[in-house]
>>> print(open('run.txt').read())   # compact mmCIF, C-alpha atoms
# COMPACT_ATOMS: atom_id res chain seq x y z
CA MET A 15 82.64 97.96 142.23
CA SER A 16 85.86 95.99 142.51
CA THR A 17 87.84 95.33 139.34
CA PRO A 18 90.90 93.21 138.60
CA HIS A 19 92.86 96.45 138.18
CA ASP A 20 91.89 97.65 141.68
CA THR A 21 92.85 94.35 143.34
CA LYS A 22 95.78 93.32 141.15
CA ASP A 23 97.95 92.40 144.13
CA GLU A 24 95.29 89.97 145.31
CA TYR A 25 95.11 88.38 141.87
CA LYS A 26 98.88 88.18 141.66
CA GLU A 27 98.98 86.08 144.80
CA LEU A 28 96.23 83.84 143.47
CA VAL A 29 97.98 83.43 140.12
CA LYS A 30 101.22 82.61 141.90
CA LYS A 31 99.53 79.97 144.05
CA ILE A 32 97.74 78.33 141.10
CA SER A 33 100.93 78.41 139.01
CA GLU A 34 102.99 76.73 141.71
CA GLU A 35 100.40 74.02 142.32
CA LEU A 36 100.01 73.33 138.60
CA ALA A 37 103.77 73.25 138.07
CA GLU A 38 104.22 70.87 140.99
CA LYS A 39 101.57 68.54 139.58
CA LEU A 40 103.09 68.58 136.09
CA LEU A 41 106.62 67.99 137.36
CA LYS A 42 105.38 65.02 139.31
CA ASN A 43 103.28 63.40 136.57
CA GLU A 44 105.13 64.13 133.33
CA ILE A 45 107.88 61.77 132.17
CA ASP A 46 111.08 63.03 130.51
CA LEU A 47 109.91 66.61 130.82
CA GLU A 48 113.44 67.92 130.33
CA LYS A 49 113.42 66.44 126.81
CA LYS A 50 110.13 68.03 125.78
CA PHE A 51 110.28 71.31 127.72
CA VAL A 52 110.77 73.43 124.58
CA SER A 53 107.39 72.26 123.25
CA PHE A 54 105.62 71.75 126.57
CA ASP A 55 104.07 75.23 126.61
CA SER A 56 101.38 73.97 124.23
CA GLU A 57 100.30 71.41 126.84
CA VAL A 58 100.24 74.07 129.56
CA HIS A 59 98.20 76.27 127.24
CA LYS A 60 95.56 73.55 126.85
CA ILE A 61 95.28 73.23 130.63
CA LEU A 62 95.02 76.99 131.12
CA MET A 63 92.32 77.15 128.44
CA GLU A 64 90.32 74.62 130.45
CA VAL A 65 90.94 76.63 133.62
CA GLY A 66 89.70 79.77 131.89
CA LYS A 67 86.64 78.01 130.48
CA ASN A 68 85.70 76.50 133.84
CA THR A 69 86.26 79.84 135.57
CA MET A 70 83.94 81.62 133.14
CA GLN A 71 81.35 78.85 133.53
CA VAL A 72 81.37 79.15 137.33
CA ILE A 73 81.15 82.94 137.14
CA GLY A 74 78.27 82.71 134.67
CA ASP A 75 76.38 80.19 136.81
CA ASN A 76 76.80 82.34 139.92
CA LEU A 77 75.69 85.50 138.15
CA THR A 78 72.62 83.66 136.86
CA ASP A 79 71.78 82.61 140.42
CA GLU A 80 72.14 86.22 141.60
CA VAL A 81 69.78 87.45 138.88
CA LYS A 82 67.24 84.77 139.81
CA LYS A 83 67.52 85.66 143.50
CA LYS A 84 66.76 89.32 142.79
CA ALA A 85 63.81 88.28 140.62
CA TYR A 86 62.45 86.07 143.44
CA GLU A 87 62.66 89.04 145.81
CA LYS A 88 60.42 90.99 143.42
CA GLY A 89 57.84 88.23 143.47
CA LEU A 90 58.63 86.65 140.10
CA LYS A 91 58.33 82.89 139.81
CA PRO A 92 60.19 80.49 137.50
CA GLU A 93 58.26 79.77 134.31
CA ARG A 94 60.79 77.76 132.30
CA THR A 95 64.53 77.11 132.05
CA SER A 96 66.68 76.28 129.05
CA THR A 97 70.37 76.18 128.18
CA ILE A 98 72.07 78.44 125.65
CA ALA A 99 75.53 78.28 124.09
CA PHE A 100 77.88 81.22 124.59
CA THR A 101 81.40 81.36 123.13
CA THR A 102 84.31 82.89 125.04
CA LEU A 103 88.02 83.01 124.24
CA PHE A 104 88.34 79.79 126.22
CA GLY A 105 85.64 77.90 124.35
CA LYS A 106 81.89 77.40 124.36
CA LEU A 107 79.94 77.61 127.63
CA SER A 108 76.54 76.08 128.42
CA MET A 109 74.74 78.90 130.18
CA PRO A 110 71.41 78.47 132.00
CA SER A 111 68.66 80.75 130.74
CA ALA A 112 65.81 81.03 133.23
CA TYR A 113 62.56 82.84 132.45
CA LEU A 114 60.71 84.17 135.50
CA TRP A 115 57.28 85.76 135.38
CA GLN A 116 54.37 87.22 137.22
CA PRO A 117 51.49 89.27 135.83
CA GLY A 118 52.92 92.54 134.53
CA LYS A 119 56.54 91.58 135.11
CA SER A 120 59.09 89.21 133.58
CA CYS A 121 62.80 88.49 133.71
CA ASN A 122 65.13 86.45 131.54
CA THR A 123 68.49 85.79 133.19
CA ALA A 124 70.33 85.49 129.88
CA THR A 125 68.98 88.84 128.69
CA VAL A 126 70.03 90.53 131.93
CA LEU A 127 73.58 89.21 131.42
CA GLY A 128 73.59 90.33 127.79
CA LEU A 129 73.62 86.78 126.44
CA ARG A 130 71.88 85.19 123.48
CA HIS A 131 71.96 81.68 122.11
CA GLU A 132 75.09 81.04 120.00
CA GLY A 133 76.38 84.45 121.05
CA ARG A 134 80.02 85.42 121.51
CA SER A 135 81.98 87.59 123.90
CA THR A 136 83.23 90.96 122.70
CA ALA A 137 86.81 89.64 122.83
CA VAL A 138 85.92 86.75 120.50
CA ASP A 139 84.21 89.10 118.06
CA ALA A 140 87.23 91.42 118.14
CA ALA A 141 89.57 88.53 117.33
CA LEU A 142 87.32 87.34 114.48
CA ILE A 143 87.16 90.85 113.02
CA ASP A 144 90.93 91.27 113.24
CA PHE A 145 91.60 87.97 111.48
CA GLY A 146 88.74 88.44 109.01
CA SER A 147 89.97 91.90 108.03
CA ASP A 148 93.53 90.79 107.34
CA HIS A 149 92.95 87.41 105.69
CA SER A 150 90.45 85.51 103.59
CA PHE A 151 87.62 84.20 105.73
CA ASP A 152 88.77 80.62 105.24
CA GLU A 153 92.30 81.53 106.34
CA ALA A 154 90.90 83.55 109.26
CA ALA A 155 89.01 80.48 110.52
CA THR A 156 92.21 78.43 110.36
CA ILE A 157 94.24 81.09 112.17
CA PHE A 158 91.59 81.49 114.88
CA GLU A 159 91.54 77.74 115.50
CA ARG A 160 95.33 77.68 115.69
CA HIS A 161 95.33 80.48 118.26
CA TYR A 162 92.37 79.48 120.43
CA LYS A 163 92.14 75.71 119.85
CA PHE A 164 88.48 75.59 118.83
CA LYS A 165 86.65 76.17 115.56
CA ILE A 166 84.46 78.99 114.34
CA SER A 167 83.18 78.72 110.78
CA ASP A 168 84.39 80.99 108.00
CA ALA A 169 80.74 81.91 107.34
CA THR A 170 80.46 83.29 110.88
CA ILE A 171 83.68 85.25 110.49
CA ARG A 172 82.46 86.66 107.19
CA ARG A 173 79.12 87.72 108.65
CA ILE A 174 80.70 89.44 111.66
CA THR A 175 83.46 91.14 109.67
CA GLU A 176 81.14 92.44 106.95
CA SER A 177 78.57 93.61 109.50
CA THR A 178 81.22 95.49 111.46
CA GLY A 179 82.60 96.98 108.25
CA GLU A 180 79.15 98.28 107.29
CA LYS A 181 78.70 99.83 110.75
CA ALA A 182 82.14 101.42 110.55
CA GLU A 183 81.35 102.82 107.11
CA GLN A 184 78.12 104.37 108.36
CA PHE A 185 79.98 105.87 111.34
CA ILE A 186 82.60 107.38 109.03
CA LYS A 187 79.94 108.82 106.70
CA HIS A 188 78.16 110.37 109.69
CA ARG A 189 81.38 111.85 111.05
CA LEU A 190 82.42 113.22 107.64
CA ALA A 191 78.99 114.81 107.27
CA GLU A 192 79.48 116.50 110.65
CA TYR A 193 82.81 117.92 109.52
CA GLU A 194 81.35 119.05 106.19
CA ASN A 195 78.51 120.88 107.91
CA THR A 196 80.90 122.91 110.06
CA ASP A 197 79.92 126.58 109.70
CA GLU A 198 83.50 127.78 109.30
CA MET A 199 86.69 125.95 108.44
CA GLY A 200 88.47 124.76 111.56
CA THR A 201 85.77 125.79 114.09
CA SER A 202 85.18 122.15 115.07
CA VAL A 203 88.38 122.15 117.13
CA VAL A 204 90.01 124.56 119.55
CA THR A 205 93.42 124.91 117.90
CA PRO A 206 93.60 125.45 114.12
CA LEU A 207 96.43 123.65 112.33
CA LYS A 208 99.32 125.51 110.76
CA GLU A 209 100.21 122.66 108.37
CA ILE A 210 98.42 119.47 107.40
CA PHE A 211 99.87 116.44 105.61
CA ALA A 212 98.03 113.99 103.35
CA GLY A 213 99.14 110.69 101.88
CA PHE A 214 97.63 108.25 99.41
CA ASP A 215 97.92 104.71 98.19
CA GLY A 216 95.82 102.13 96.44
CA CYS A 217 95.54 98.48 95.58
CA SER A 218 93.39 96.05 93.66
CA ILE A 219 91.23 93.59 95.56
CA ARG A 220 89.45 90.51 94.31
CA THR A 221 85.69 90.68 94.70
CA GLY A 222 83.09 88.13 93.79
CA THR A 223 79.38 87.63 93.41
CA LEU A 224 77.51 84.34 93.41
CA GLU A 225 75.51 83.41 90.33
CA ASP A 226 72.89 80.68 90.29
CA ILE A 227 73.90 78.11 87.65
CA THR A 228 70.43 76.53 87.44
CA PRO A 229 69.58 78.42 84.21
CA LEU A 230 72.81 77.13 82.64
CA ILE A 231 71.90 73.55 83.54
CA GLU A 232 68.36 73.99 82.22
CA THR A 233 69.79 75.35 78.96
CA ALA A 234 72.07 72.33 78.69
CA ILE A 235 69.13 69.97 79.28
CA GLN A 236 67.03 71.73 76.65
CA ALA A 237 69.92 71.54 74.21
CA GLY A 238 70.09 67.81 74.85
CA GLU A 239 66.36 67.38 74.22
CA GLU A 240 66.60 69.33 70.96
CA THR A 241 69.49 67.15 69.83
CA GLN A 242 67.42 64.05 70.57
CA SER A 243 64.48 65.29 68.50
CA THR A 244 66.57 66.26 65.47
CA SER A 245 68.91 63.28 65.30
CA ASP A 246 68.38 59.61 64.56
CA SER A 247 71.70 58.62 66.11
CA LYS A 248 71.38 56.47 69.24
CA SER A 249 74.32 58.33 70.75
CA ALA A 250 72.20 61.49 70.85
CA VAL A 251 69.20 59.96 72.63
CA THR A 252 70.46 60.42 76.21
CA LYS A 253 69.40 63.71 77.77
CA ILE A 254 72.05 65.95 79.26
CA GLN A 255 71.74 65.87 83.05
CA PRO A 256 73.31 68.15 85.67
CA SER A 257 76.61 66.71 86.88
CA LYS A 258 76.76 65.45 90.45
CA THR A 259 79.76 67.73 90.98
CA LEU A 260 77.43 70.71 90.46
CA ARG A 261 75.34 69.80 93.49
CA THR A 262 75.93 70.30 97.20
CA ALA A 263 75.81 67.47 99.73
CA SER A 264 72.11 68.22 100.24
CA GLY A 265 71.43 67.97 96.50
CA ARG A 266 71.00 71.70 95.88
CA LEU A 267 72.56 73.08 92.71
CA LYS A 268 75.72 75.00 93.44
CA CYS A 269 76.33 78.65 92.63
CA ARG A 270 79.14 79.97 90.48
CA ARG A 271 81.43 82.70 91.81
CA ILE A 272 82.00 85.54 89.36
CA GLU A 273 85.30 87.22 90.25
CA GLU A 274 86.21 90.80 89.48
CA TRP A 275 89.22 92.93 90.46
CA LYS A 276 88.40 96.43 91.71
CA ASP A 277 90.55 99.40 92.64
CA VAL A 278 90.52 100.48 96.29
CA ARG A 279 91.92 103.89 97.19
CA LEU A 280 93.20 104.87 100.61
CA GLY A 281 94.07 108.29 101.97
CA PHE A 282 94.96 109.82 105.30
CA VAL A 283 95.50 113.25 106.82
CA ARG A 284 97.43 114.26 109.91
CA GLU A 285 98.97 117.34 111.45
CA LEU A 286 102.47 117.79 110.07
CA GLY A 287 104.91 116.45 112.64
CA ASN A 288 102.33 114.23 114.35
CA ASP A 289 102.92 110.66 113.17
CA ILE A 290 100.52 109.13 115.70
CA LYS A 291 97.14 110.74 115.11
CA LYS A 292 96.06 109.94 111.56
CA LEU A 293 92.55 109.94 110.11
CA PHE A 294 91.97 107.49 107.25
CA VAL A 295 89.37 107.18 104.53
CA ARG A 296 89.14 104.51 101.88
CA GLY A 297 86.77 102.95 99.42
CA MET A 298 86.12 101.78 95.88
CA ILE A 299 85.56 105.40 94.94
CA GLY A 300 86.93 107.90 92.46
CA PHE A 301 89.45 110.63 93.24
CA PRO A 302 86.82 113.42 93.52
CA ASP A 303 84.95 111.59 96.29
CA LEU A 304 88.18 110.56 98.01
CA MET A 305 89.51 114.13 98.03
CA LYS A 306 86.21 115.46 99.30
CA ASP A 307 86.34 113.02 102.22
CA LEU A 308 89.98 113.91 102.91
CA PHE A 309 89.12 117.60 102.87
CA ASN A 310 86.36 116.98 105.43
CA LEU A 311 88.78 114.95 107.56
CA GLY A 312 91.12 117.93 107.45
CA LEU A 313 88.32 120.14 108.75
CA GLY A 314 87.85 117.69 111.60
CA LEU A 315 91.53 117.97 112.51
CA GLY A 316 91.45 121.77 112.50
CA MET A 317 92.28 122.81 108.95
CA ASN A 318 91.22 126.34 108.04
CA GLU A 319 91.90 128.85 105.27
CA ASN A 320 95.32 129.61 106.76
CA THR A 321 96.43 125.97 106.94
CA LYS A 322 99.16 124.92 104.51
CA PRO A 323 98.27 121.56 102.87
CA ILE A 324 101.16 119.24 101.93
CA ALA A 325 100.61 115.94 100.14
CA THR A 326 102.67 113.15 98.65
CA SER A 327 101.76 110.26 96.38
CA ASP A 328 102.63 108.55 93.12
CA GLY A 329 101.61 110.05 89.80
CA GLY A 330 98.29 108.29 89.36
CA ASN A 331 96.17 109.72 86.56
CA GLY A 332 93.89 112.42 87.94
CA LEU A 333 95.19 112.21 91.52
CA TYR A 334 97.36 115.32 91.59
CA GLU A 335 94.85 117.34 89.57
CA GLU A 336 91.99 116.54 91.96
CA LEU A 337 94.16 117.29 94.98
CA ASP A 338 95.14 120.64 93.54
CA ARG A 339 91.50 121.44 92.79
CA GLN A 340 90.17 120.75 96.29
CA PHE A 341 93.10 121.85 98.50
CA TYR A 342 93.97 125.54 98.18
CA ASP A 343 97.68 126.44 97.92
CA LEU A 344 98.70 122.77 97.82
CA GLN A 345 102.33 121.72 98.00
CA PHE A 346 102.52 118.34 96.26
CA ILE A 347 105.61 116.14 96.58
CA LEU A 348 106.01 113.33 94.07
CA ASP A 349 106.76 110.07 95.86
CA TYR A 350 110.49 109.41 95.44
CA PHE A 351 110.28 105.62 95.46
CA HIS A 352 107.54 105.52 92.82
CA PHE A 353 109.63 107.89 90.74
CA LYS A 354 112.61 105.52 90.97
CA GLU A 355 110.37 102.64 89.87
CA HIS A 356 109.67 104.57 86.66
CA LEU A 357 113.41 105.06 86.21
CA TYR A 358 114.10 101.35 86.66
CA ASP A 359 111.34 100.44 84.20
CA THR A 360 112.88 102.81 81.66
CA ALA A 361 116.38 101.43 82.23
CA LYS A 362 115.08 97.92 81.68
CA GLU A 363 113.40 99.01 78.45
CA LYS A 364 116.73 100.48 77.34
CA GLY A 365 118.29 97.05 77.80
CA LEU A 366 120.43 98.00 80.80
CA SER A 367 121.13 95.50 83.56
CA GLY A 368 123.23 94.98 86.67
CA ASP A 369 125.50 97.79 87.84
CA THR A 370 125.01 99.70 84.61
CA LYS A 371 121.26 99.90 85.24
CA ASP A 372 121.75 100.98 88.87
CA GLN A 373 124.23 103.68 87.88
CA TRP A 374 121.87 105.06 85.22
CA VAL A 375 118.93 105.14 87.66
CA ASN A 376 120.94 106.72 90.49
CA LEU A 377 122.31 109.41 88.19
CA LYS A 378 118.81 110.43 87.07
CA ALA A 379 117.40 110.19 90.61
CA ASP A 380 120.18 112.41 91.98
CA LEU A 381 119.41 115.09 89.40
CA ALA A 382 115.76 115.08 90.47
CA TRP A 383 116.67 115.03 94.17
CA GLU A 384 118.93 118.07 93.68
CA GLY A 385 116.18 119.95 91.83
CA ARG A 386 118.00 119.93 88.48
CA VAL A 387 114.85 118.89 86.63
CA ASP A 388 115.51 120.81 83.40
CA GLU A 389 118.92 119.15 83.12
CA LEU A 390 117.28 115.75 83.71
CA ILE A 391 114.63 116.34 81.04
CA ASN A 392 117.11 117.60 78.45
CA GLY A 393 119.38 114.61 79.02
CA LEU A 394 116.49 112.18 78.59
CA LYS A 395 115.39 113.92 75.38
CA ILE A 396 118.89 113.49 73.97
CA GLU A 397 118.82 109.79 74.88
CA TYR A 398 115.42 109.41 73.21
CA GLU A 399 116.66 110.98 69.98
CA ALA A 400 119.67 108.66 70.04
CA THR A 401 117.89 105.40 70.90
CA GLY A 402 114.23 105.93 69.96
CA THR A 403 113.17 104.09 73.14
CA ASP A 404 109.50 105.01 73.58
CA ARG A 405 109.66 104.42 77.34
CA ILE A 406 112.07 107.38 77.59
CA ARG A 407 109.55 109.62 75.80
CA GLN A 408 106.87 108.52 78.30
CA LEU A 409 109.22 109.23 81.21
CA VAL A 410 109.90 112.73 79.90
CA GLY A 411 106.15 113.40 79.76
CA TYR A 412 105.75 112.07 83.30
CA ILE A 413 108.51 114.31 84.66
CA GLU A 414 107.24 117.38 82.80
CA ARG A 415 103.78 116.79 84.24
CA PHE A 416 105.17 116.82 87.78
CA LYS A 417 108.02 119.24 87.17
CA LYS A 418 107.04 121.69 89.90
CA CYS A 419 106.45 118.79 92.31
CA ILE A 420 110.06 117.63 91.91
CA SER A 421 112.06 120.85 91.64
>>> encode(input="run.txt", output="structure tokens")
Amino acid sequence: MSTPHDTKDEYKELVKKISEELAEKLLKNEIDLEKKFVSFDSEVHKILMEVGKNTMQVIGDNLTDEVKKKAYEKGLKPERTSTIAFTTLFGKLSMPSAYLWQPGKSCNTATVLGLRHEGRSTAVDAALIDFGSDHSFDEAATIFERHYKFKISDATIRRITESTGEKAEQFIKHRLAEYENTDEMGTSVVTPLKEIFAGFDGCSIRTGTLEDITPLIETAIQAGEETQSTSDSKSAVTKIQPSKTLRTASGRLKCRRIEEWKDVRLGFVRELGNDIKKLFVRGMIGFPDLMKDLFNLGLGLGMNENTKPIATSDGGNGLYEELDRQFYDLQFILDYFHFKEHLYDTAKEKGLSGDTKDQWVNLKADLAWEGRVDELINGLKIEYEATGTDRIRQLVGYIERFKKCIS
């Protein structure tokens, strides 16, 4: 079967011909083009979007005719025909959907072409997932419209993104289970790894659940009725009614969004020296589950009992301890930049600022970098005794906890 890649020279000639004809037409029709050339690409983009949409429509119509022709050859007869909407990167197409039938056999042209009503191309879904993963769904809808010049609702983006995320999560769980069920460490790959590297990070994300506010309104109404029955004041006679602002355009009572911030943890493993091939795992999970998944990912990469595990991260509570428990002979390296953040926080608590603060931080960081950890700790203890700054005491405890990870 011929593909655009196989016949690229032929398409290049066609593109060149179309481009020259379009340019000639635009140069002839547009006024003062030299003054608006720097912004004229947006106009060309609109035209090319129409060209792409019409091209896809013609291709779709012709493919439908071919499917119908093959069905006719098998003796099927047209039963009914409808039109379905199908969204491409160039916009929404109106595709014919013919149903052909004879006893014992049937054919739907849309089904043969992989179409469904209000369906989307794989490229559109990929774009929606990319935008929906990186932005809020409302922002993703705005960005998509800005890129492709037509609208797709934020609800659609949310549905597609969440559905894909659930499928991806199930795939990851299945793959991790395969690694975990490996009979021997490292037998899932040909070449065992000599060294493996793991990294970690985390963030807080805003989550929300919708709560029906109808019970709240009913409570307010009941409270109003009780006030009416226990008071003789005319001002208390009117019942409390749900506010119009609490209803949707259709009159349905709105829901209230309950927001909650949750910790998300992310980890990856890779062969030491290979910055390209990384395997990631993430979730709103605790360190034990995260480390178990990372361990299984390591098995998938080729980790065995002879592999040296190396990891780096900040000093999150329980992180290093869980790593050390699940990875044998672990070499843990405390993240240098997180360590400097602790130094800056301490310097600020001491009341230092400007160059004085930077000099204090750099002096302490250099001691740690050179492996002179005991000297660093002793110096901080002396400063604590002299100033009584509690943040220094906390920093000493932090460094002592990770002493062997620094020196």
>>> closest_residue(input="run.txt", among="A:Tyr86, A:Phe104, A:Tyr193, A:Tyr25", to="Ile61 (chain A)", atoms="only C-alpha atoms")
A:Phe104
>>> residues_around(input="run.txt", residues="Lys60 (chain A)", least_positions_apart="4", cutoff="10 Å", atoms="all atoms listed in the file", output="JSON, numbers by chain")
{"A": [55, 56, 64, 65, 66, 104, 162, 163]}
>>> write_last_selection(input="run.txt", atoms="C-alpha atoms", output="tab-separated table (two decimals), in the frame of the given file")
chain	number	residue	atom	x	y	z
A	55	ASP	CA	104.07	75.23	126.61
A	56	SER	CA	101.38	73.97	124.23
A	64	GLU	CA	90.32	74.62	130.45
A	65	VAL	CA	90.94	76.63	133.62
A	66	GLY	CA	89.70	79.77	131.89
A	104	PHE	CA	88.34	79.79	126.22
A	162	TYR	CA	92.37	79.48	120.43
A	163	LYS	CA	92.14	75.71	119.85
>>> atom_distance(input="run.txt", atom1="CA of Gly330 (chain A)", atom2="CA of Phe309 (chain A)")
18.8 Å
>>> closest_residue(input="run.txt", among="A:Glu336, A:Glu209, A:Asp307, A:Asp380", to="Leu357 (chain A)", atoms="only C-alpha atoms")
A:Asp380
>>> residues_around(input="run.txt", residues="Leu207 (chain A)", least_positions_apart="3", cutoff="10 Å", atoms="only C-alpha atoms", output="MDAnalysis selection string")
chainID A and resid 200 203:204 210 284:286 312:313 315:323
>>> closest_residue(input="run.txt", among="A:Asp152, A:Leu129, A:Ser108, A:Glu35", to="Lys67 (chain A)", atoms="only C-alpha atoms")
A:Ser108
>>> residues_around(input="run.txt", residues="His161 (chain A)", least_positions_apart="6", cutoff="12 Å", atoms="only C-alpha atoms", output="PyMOL selection string")
chain A and resi 56+59-60+63+103-105+138+141-142+145+154-155
